[in-house]
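input_37.cif follows (mmCIF, C-alpha atoms):
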data_structure
loop_
_atom_site.group_PDB
_atom_site.id
_atom_site.type_symbol
_atom_site.label_atom_id
_atom_site.label_comp_id
_atom_site.auth_asym_id
_atom_site.auth_seq_id
_atom_site.Cartn_x
_atom_site.Cartn_y
_atom_site.Cartn_z
ATOM 1 C CA MET C 1 144.153 108.039 103.022
ATOM 2 C CA LYS C 2 142.804 104.746 101.749
ATOM 3 C CA ALA C 3 139.598 103.315 103.171
ATOM 4 C CA ILE C 4 139.919 99.964 104.960
ATOM 5 C CA ASN C 5 136.351 99.010 104.153
ATOM 6 C CA GLU C 6 133.637 100.318 101.887
ATOM 7 C CA MET C 7 130.032 99.630 100.959
ATOM 8 C CA LYS C 8 127.699 101.069 98.361
ATOM 9 C CA LEU C 9 123.950 101.118 98.346
ATOM 10 C CA THR C 10 121.498 102.147 95.630
ATOM 11 C CA PHE C 11 117.739 102.256 96.106
ATOM 12 C CA GLU C 12 114.636 103.922 94.733
ATOM 13 C CA SER C 13 113.530 107.220 96.271
ATOM 14 C CA ARG C 14 110.497 105.704 98.000
ATOM 15 C CA SER C 15 109.808 106.851 101.549
ATOM 16 C CA ALA C 16 109.580 103.213 102.694
ATOM 17 C CA ASN C 17 113.348 103.016 102.014
ATOM 18 C CA GLU C 18 114.231 105.719 104.582
ATOM 19 C CA GLY C 19 114.290 103.154 107.389
ATOM 20 C CA PHE C 20 116.157 100.619 105.249
ATOM 21 C CA ALA C 21 118.885 103.137 104.400
ATOM 22 C CA ARG C 22 119.620 104.246 107.968
ATOM 23 C CA VAL C 23 119.582 100.674 109.309
ATOM 24 C CA ALA C 24 121.867 99.428 106.489
ATOM 25 C CA VAL C 25 124.416 102.196 107.110
ATOM 26 C CA SER C 26 124.324 101.711 110.886
ATOM 27 C CA ALA C 27 124.798 97.941 110.444
ATOM 28 C CA PHE C 28 127.914 98.618 108.339
ATOM 29 C CA VAL C 29 129.292 101.065 110.935
ATOM 30 C CA ALA C 30 128.599 98.550 113.747
ATOM 31 C CA GLN C 31 131.936 96.812 112.974
ATOM 32 C CA LEU C 32 133.671 99.794 114.667
ATOM 33 C CA ASP C 33 131.908 98.957 117.947
ATOM 34 C CA PRO C 34 130.162 102.323 118.278
ATOM 35 C CA THR C 35 128.135 103.392 121.307
ATOM 36 C CA VAL C 36 124.348 103.369 121.108
ATOM 37 C CA GLU C 37 124.491 107.160 120.904
ATOM 38 C CA GLU C 38 126.971 107.145 118.000
ATOM 39 C CA ILE C 39 124.796 104.689 116.069
ATOM 40 C CA SER C 40 121.753 106.822 116.798
ATOM 41 C CA ASP C 41 123.594 109.936 115.547
ATOM 42 C CA ILE C 42 124.494 108.207 112.269
ATOM 43 C CA LYS C 43 120.974 106.850 111.772
ATOM 44 C CA THR C 44 119.499 110.307 112.345
ATOM 45 C CA ALA C 45 121.908 112.071 109.968
ATOM 46 C CA VAL C 46 121.422 109.446 107.216
ATOM 47 C CA SER C 47 117.652 109.599 107.620
ATOM 48 C CA GLU C 48 117.724 113.386 107.146
ATOM 49 C CA ALA C 49 119.911 113.219 104.034
ATOM 50 C CA VAL C 50 117.865 110.434 102.413
ATOM 51 C CA THR C 51 114.592 112.217 103.220
ATOM 52 C CA ASN C 52 115.924 115.389 101.584
ATOM 53 C CA SER C 53 116.686 113.431 98.406
ATOM 54 C CA ILE C 54 113.228 111.857 98.379
ATOM 55 C CA VAL C 55 111.189 114.925 99.355
ATOM 56 C CA HIS C 56 113.178 117.741 97.728
ATOM 57 C CA GLY C 57 115.516 116.113 95.197
ATOM 58 C CA TYR C 58 112.975 113.980 93.392
ATOM 59 C CA LYS C 59 109.719 115.549 94.639
ATOM 60 C CA ASP C 60 106.906 113.525 93.023
ATOM 61 C CA GLN C 61 109.178 111.411 90.830
ATOM 62 C CA ILE C 62 110.959 108.174 91.601
ATOM 63 C CA GLY C 63 114.717 108.347 91.110
ATOM 64 C CA ARG C 64 117.689 106.613 92.670
ATOM 65 C CA VAL C 65 119.506 107.455 95.880
ATOM 66 C CA TYR C 66 123.175 106.442 96.092
ATOM 67 C CA ILE C 67 124.956 105.962 99.408
ATOM 68 C CA SER C 68 128.569 105.116 99.933
ATOM 69 C CA ALA C 69 130.095 104.457 103.346
ATOM 70 C CA ARG C 70 133.840 104.232 103.906
ATOM 71 C CA ILE C 71 135.693 103.287 107.053
ATOM 72 C CA TYR C 72 139.235 104.553 107.641
ATOM 73 C CA ALA C 73 141.950 103.250 109.935
ATOM 74 C CA ASP C 74 141.424 105.977 112.544
ATOM 75 C CA SER C 75 137.772 104.877 113.056
ATOM 76 C CA VAL C 76 136.485 107.686 110.870
ATOM 77 C CA VAL C 77 133.368 106.991 108.830
ATOM 78 C CA ARG C 78 132.759 109.014 105.683
ATOM 79 C CA LEU C 79 129.357 108.874 104.058
ATOM 80 C CA THR C 80 128.085 110.306 100.816
ATOM 81 C CA ILE C 81 124.364 110.468 100.064
ATOM 82 C CA ARG C 82 123.731 111.460 96.458
ATOM 83 C CA ASP C 83 120.745 112.010 94.213
ATOM 84 C CA THR C 84 120.366 113.109 90.606
ATOM 85 C CA GLY C 85 117.248 115.144 91.319
ATOM 86 C CA CYS C 86 116.447 118.818 90.875
ATOM 87 C CA GLY C 87 119.359 120.157 92.942
ATOM 88 C CA ILE C 88 119.395 123.175 95.250
ATOM 89 C CA GLU C 89 119.507 126.727 93.904
ATOM 90 C CA ASP C 90 120.972 128.288 97.048
ATOM 91 C CA VAL C 91 122.798 125.790 99.269
ATOM 92 C CA GLN C 92 123.771 128.431 101.832
ATOM 93 C CA LYS C 93 120.114 129.305 102.372
ATOM 94 C CA ALA C 94 118.974 125.659 102.365
ATOM 95 C CA VAL C 95 121.300 124.749 105.232
ATOM 96 C CA GLU C 96 119.976 127.532 107.472
ATOM 97 C CA PRO C 97 117.990 126.091 110.395
ATOM 98 C CA LEU C 98 114.199 126.353 109.950
ATOM 99 C CA TYR C 99 114.491 127.174 106.226
ATOM 100 C CA THR C 100 111.991 125.059 104.308
ATOM 101 C CA THR C 101 110.284 125.172 100.947
ATOM 102 C CA CYS C 102 107.449 123.039 102.349
ATOM 103 C CA GLU C 103 104.177 124.943 102.374
ATOM 104 C CA THR C 104 102.101 122.441 104.366
ATOM 105 C CA GLY C 105 103.788 123.256 107.685
ATOM 106 C CA GLU C 106 104.632 119.584 108.211
ATOM 107 C CA ARG C 107 108.380 119.885 107.503
ATOM 108 C CA ALA C 108 110.555 121.598 110.073
ATOM 109 C CA GLY C 109 113.411 122.815 107.868
ATOM 110 C CA MET C 110 115.852 121.204 110.298
ATOM 111 C CA GLY C 111 117.361 118.496 108.078
ATOM 112 C CA PHE C 112 120.801 120.026 107.450
ATOM 113 C CA ALA C 113 120.986 121.461 110.993
ATOM 114 C CA VAL C 114 120.432 117.953 112.415
ATOM 115 C CA MET C 115 123.028 116.421 110.036
ATOM 116 C CA GLU C 116 125.533 119.063 111.111
ATOM 117 C CA ALA C 117 124.815 118.612 114.824
ATOM 118 C CA PHE C 118 124.932 114.802 114.770
ATOM 119 C CA THR C 119 128.160 114.386 112.772
ATOM 120 C CA ASP C 120 131.663 115.908 112.936
ATOM 121 C CA LYS C 121 131.660 117.368 109.415
ATOM 122 C CA MET C 122 129.001 118.073 106.818
ATOM 123 C CA ARG C 123 129.389 119.396 103.294
ATOM 124 C CA VAL C 124 126.770 119.871 100.590
ATOM 125 C CA ARG C 125 127.398 120.108 96.861
ATOM 126 C CA SER C 126 124.519 120.745 94.522
ATOM 127 C CA THR C 127 123.969 121.690 90.908
ATOM 128 C CA PRO C 128 120.478 122.824 89.921
ATOM 129 C CA GLY C 129 118.995 120.334 87.480
ATOM 130 C CA LYS C 130 121.691 117.742 88.179
ATOM 131 C CA GLY C 131 121.388 116.734 91.814
ATOM 132 C CA THR C 132 122.799 116.992 95.291
ATOM 133 C CA THR C 133 125.535 115.197 97.214
ATOM 134 C CA VAL C 134 125.829 115.377 101.004
ATOM 135 C CA TYR C 135 129.161 114.413 102.592
ATOM 136 C CA LEU C 136 129.107 113.412 106.247
ATOM 137 C CA GLU C 137 132.000 112.437 108.488
ATOM 138 C CA LYS C 138 131.956 111.003 111.984
ATOM 139 C CA ARG C 139 134.699 109.598 114.177
ATOM 140 C CA ILE C 140 133.692 106.575 116.249
ATOM 141 C CA ARG C 141 135.365 107.038 119.624
ATOM 142 C CA SER C 142 134.216 104.121 121.706
ATOM 143 C CA LYS C 143 136.577 101.525 120.284
ATOM 144 C CA GLY C 144 139.564 100.466 122.354
ATOM 145 C CA MET I 1 104.273 102.128 114.037
ATOM 146 C CA HIS I 2 101.234 102.647 116.169
ATOM 147 C CA VAL I 3 99.601 105.355 118.253
ATOM 148 C CA HIS I 4 97.401 104.640 121.260
ATOM 149 C CA ILE I 5 95.134 107.578 122.084
ATOM 150 C CA GLU I 6 93.329 108.143 125.411
ATOM 151 C CA GLY I 7 91.168 110.883 126.917
ATOM 152 C CA ASP I 8 88.830 113.601 125.729
ATOM 153 C CA GLU I 9 89.514 117.152 126.953
ATOM 154 C CA VAL I 10 93.067 116.094 127.667
ATOM 155 C CA LEU I 11 93.994 113.844 124.770
ATOM 156 C CA THR I 12 97.147 111.780 125.313
ATOM 157 C CA CYS I 13 98.716 110.175 122.249
ATOM 158 C CA TYR I 14 101.245 107.416 122.995
ATOM 159 C CA LEU I 15 103.409 107.129 119.880
ATOM 160 C CA GLN I 16 105.190 103.847 119.230
ATOM 161 C CA GLY I 17 107.826 102.792 116.696
ATOM 162 C CA GLU I 18 109.983 104.997 114.486
ATOM 163 C CA ILE I 19 109.094 108.517 113.341
ATOM 164 C CA ASP I 20 110.468 109.562 109.974
ATOM 165 C CA HIS I 21 109.020 111.200 106.871
ATOM 166 C CA HIS I 22 107.505 107.844 105.845
ATOM 167 C CA SER I 23 105.670 107.116 109.108
ATOM 168 C CA ALA I 24 104.838 110.742 110.013
ATOM 169 C CA ALA I 25 101.826 110.725 107.673
ATOM 170 C CA TYR I 26 100.261 107.836 109.629
ATOM 171 C CA PHE I 27 100.814 109.559 112.993
ATOM 172 C CA ARG I 28 99.567 112.897 111.653
ATOM 173 C CA ASP I 29 96.364 111.477 110.129
ATOM 174 C CA THR I 30 95.516 109.295 113.148
ATOM 175 C CA ILE I 31 96.071 112.093 115.685
ATOM 176 C CA ASP I 32 94.264 114.734 113.603
ATOM 177 C CA ARG I 33 91.183 112.521 113.264
ATOM 178 C CA GLN I 34 90.932 112.289 117.074
ATOM 179 C CA ILE I 35 91.563 116.034 117.511
ATOM 180 C CA GLU I 36 88.768 116.788 115.057
ATOM 181 C CA ARG I 37 86.403 114.330 116.773
ATOM 182 C CA LYS I 38 87.112 115.241 120.400
ATOM 183 C CA GLN I 39 88.065 118.934 120.202
ATOM 184 C CA PRO I 40 90.465 118.651 123.167
ATOM 185 C CA LYS I 41 91.788 121.555 125.235
ATOM 186 C CA VAL I 42 95.161 119.897 125.726
ATOM 187 C CA VAL I 43 96.958 117.357 123.524
ATOM 188 C CA ILE I 44 99.934 115.459 124.938
ATOM 189 C CA LEU I 45 102.278 113.626 122.572
ATOM 190 C CA ASP I 46 104.141 110.896 124.459
ATOM 191 C CA PHE I 47 107.458 109.748 122.914
ATOM 192 C CA SER I 48 108.411 107.196 125.626
ATOM 193 C CA ASP I 49 108.046 104.260 123.191
ATOM 194 C CA VAL I 50 109.563 105.934 120.141
ATOM 195 C CA GLY I 51 112.787 104.136 119.191
ATOM 196 C CA PHE I 52 113.917 106.561 116.497
ATOM 197 C CA MET I 53 112.966 110.046 115.384
ATOM 198 C CA ASP I 54 114.460 112.474 112.885
ATOM 199 C CA SER I 55 113.318 116.044 112.244
ATOM 200 C CA SER I 56 110.059 114.699 110.792
ATOM 201 C CA GLY I 57 108.999 114.485 114.458
ATOM 202 C CA VAL I 58 109.560 118.231 114.816
ATOM 203 C CA GLY I 59 107.352 118.787 111.763
ATOM 204 C CA LEU I 60 104.730 116.502 113.306
ATOM 205 C CA CYS I 61 104.692 118.613 116.496
ATOM 206 C CA MET I 62 104.735 121.951 114.658
ATOM 207 C CA GLY I 63 101.851 120.872 112.424
ATOM 208 C CA ARG I 64 99.733 119.826 115.442
ATOM 209 C CA TYR I 65 100.753 123.012 117.296
ATOM 210 C CA ARG I 66 99.424 125.137 114.438
ATOM 211 C CA LEU I 67 96.239 123.074 114.184
ATOM 212 C CA LEU I 68 95.522 123.376 117.918
ATOM 213 C CA ALA I 69 96.368 127.092 117.979
ATOM 214 C CA GLN I 70 93.302 127.683 115.787
ATOM 215 C CA THR I 71 91.048 126.726 118.716
ATOM 216 C CA GLY I 72 93.318 127.987 121.509
ATOM 217 C CA ALA I 73 94.216 124.448 122.589
ATOM 218 C CA GLU I 74 97.616 123.532 123.993
ATOM 219 C CA LEU I 75 100.191 120.961 122.830
ATOM 220 C CA ARG I 76 102.652 119.306 125.212
ATOM 221 C CA VAL I 77 105.443 116.811 124.578
ATOM 222 C CA GLN I 78 106.470 114.207 127.140
ATOM 223 C CA GLY I 79 108.771 111.199 127.374
ATOM 224 C CA ALA I 80 111.339 112.609 124.924
ATOM 225 C CA GLY I 81 114.810 111.339 125.856
ATOM 226 C CA GLY I 82 118.196 110.881 124.162
ATOM 227 C CA ASN I 83 118.488 111.969 120.555
ATOM 228 C CA ILE I 84 114.754 112.655 120.317
ATOM 229 C CA ARG I 85 115.154 115.358 122.959
ATOM 230 C CA ARG I 86 118.287 116.670 121.198
ATOM 231 C CA VAL I 87 116.377 117.057 117.917
ATOM 232 C CA PHE I 88 113.554 118.916 119.709
ATOM 233 C CA LEU I 89 115.939 121.270 121.541
ATOM 234 C CA LEU I 90 117.988 121.892 118.379
ATOM 235 C CA SER I 91 114.840 123.023 116.591
ATOM 236 C CA GLY I 92 113.849 125.353 119.447
ATOM 237 C CA LEU I 93 110.521 123.554 119.861
ATOM 238 C CA ASN I 94 110.846 124.052 123.628
ATOM 239 C CA LYS I 95 110.203 127.757 123.052
ATOM 240 C CA LEU I 96 106.753 126.943 121.670
ATOM 241 C CA MET I 97 105.627 124.142 123.988
ATOM 242 C CA SER I 98 106.475 122.240 127.143
ATOM 243 C CA ILE I 99 108.890 119.352 126.543
ATOM 244 C CA ASP I 100 109.310 116.878 129.429
#
Would you kindly transcribe this structure into structure tokens?
Amino acid sequence: MKAINEMKLTFESRSANEGFARVAVSAFVAQLDPTVEEISDIKTAVSEAVTNSIVHGYKDQIGRVYISARIYADSVVRLTIRDTGCGIEDVQKAVEPLYTTCETGERAGMGFAVMEAFTDKMRVRSTPGKGTTVYLEKRIRSKG
Amino acid sequence: MHVHIEGDEVLTCYLQGEIDHHSAAYFRDTIDRQIERKQPKVVILDFSDVGFMDSSGVGLCMGRYRLLAQTGAELRVQGAGGNIRRVFLLSGLNKLMSID
């Protein structure tokens, strides 16, 4: 199925851009007339994916985060959040709730669990040394 | 982002703004400074004026929970509604502390 609208966003993996990314994506999705809750779900899921790229993908380096958002005729939004960072050795383990590689105790290990709970579909593809792409899909139901 | 902190033995921290990985460091450092200074018995984190929170907020609570556990002090969460509450419940934080 062909998208009826699309936007692409590229930005540096600086934590100050986490807010920018989620607001930009939610502003694009706003044309589907989503509920406040649907917008909040999308902002939360995007924030988690972008934070993963910044914290885990690039660690102490600055790289680029690539987002694409596509809207389809049935009010489905498909998002990809991609980095070219270090990748994930074991995706199955990384998506388990409470799994974290953070040793400071300040990260909850809930990123993928939140993305999964706040969208309709989530898929993760990662190649160690090459990067990670997160695919998210959400149907906006409020329209009409 | 801002946090207004009141009290001594019962230290209430009113968090304001958005909580993500970027802002969590500010909230963590500001709250920890007051915990160190006042050595409270109870710390309450109030989320009534938080407009957005991702799982960085869970990390913020878990970090403070661990810090307070060292002195036997208690952490409570209040004012968490909507998606903020959903993120807390999804993480099982309610099994460690009171969430109102």
query = For chain I against chain C, which residues fall within 6 Å using all atoms listed in the file, given as a PyMOL selection string?
reply = chain I and resi 22+54+58-60+63
key: Local residues around (133.3, 99.4, 113.9), at most 10 Å away, using all atoms listed in the file, as a VMD selection string   = chain C and resid 26 to 35 71 75 to 77 140 to 143
Using C-alpha atoms, can you write the selected residues to a file as a compact mmCIF listing (two decimals), keeping the file's coordinate frame?
# COMPACT_ATOMS: atom_id res chain seq x y z
CA SER C 26 124.32 101.71 110.89
CA ALA C 27 124.80 97.94 110.44
CA PHE C 28 127.91 98.62 108.34
CA VAL C 29 129.29 101.06 110.94
CA ALA C 30 128.60 98.55 113.75
CA GLN C 31 131.94 96.81 112.97
CA LEU C 32 133.67 99.79 114.67
CA ASP C 33 131.91 98.96 117.95
CA PRO C 34 130.16 102.32 118.28
CA THR C 35 128.14 103.39 121.31
CA ILE C 71 135.69 103.29 107.05
CA SER C 75 137.77 104.88 113.06
CA VAL C 76 136.49 107.69 110.87
CA VAL C 77 133.37 106.99 108.83
CA ILE C 140 133.69 106.58 116.25
CA ARG C 141 135.36 107.04 119.62
CA SER C 142 134.22 104.12 121.71
CA LYS C 143 136.58 101.52 120.28
query = Could you pull the residues within 8 Å of I:Asp46, counting only C-alpha atoms, minus those fewer than 3 positions along the same chain, as a PyMOL selection string?
reply = chain I and resi 12-15+49+77-80
Separation of atom CA of I:Ser55 from atom CA of C:Glu96 in Å = 14.1 Å
message = I want to know what sits within 8 Å of stretch 27-40 of chain I, based on all atoms listed in the file, with residues of the same chain fewer than 3 positions away left out; could you give that as a PyMOL selection string?
response = chain I and resi 2-3+5+8-11+13+15+23-24+43+60+64+73
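Minimum atom-to-atom distances from I:Gly82, I:Leu89, I:Glu6, I:Met1 to I:Glu18 were compared using all atoms listed in the file, and the lowest value belongs to I:Met1.
If you apply the PyMOL selection byres ((chain C and resi 121) around 9) to this structure, you end up with Met115, Glu116, Ala117, Phe118, Thr119, Asp120, Met122, Arg123, Tyr135, Leu136, Glu137 and Lys138 of chain C.
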Between atom CA of C:Phe20 and atom CA of I:His4 - distance in Å to one decimal = 25.0 Å
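Atom CA of C:Glu89 lies 28.6 Å from atom CA of I:Ile19.
Shortest atom-to-atom contact with I:Val87 among I:Lys41, I:Gly7, I:Leu75, I:Gly57: I:Gly57, counting all atoms listed in the file.
Among the candidates C:Ala73, C:Val91, C:Ile67, C:Ala3, the one nearest to C:Ala21 when counting only C-alpha atoms is C:Ile67.
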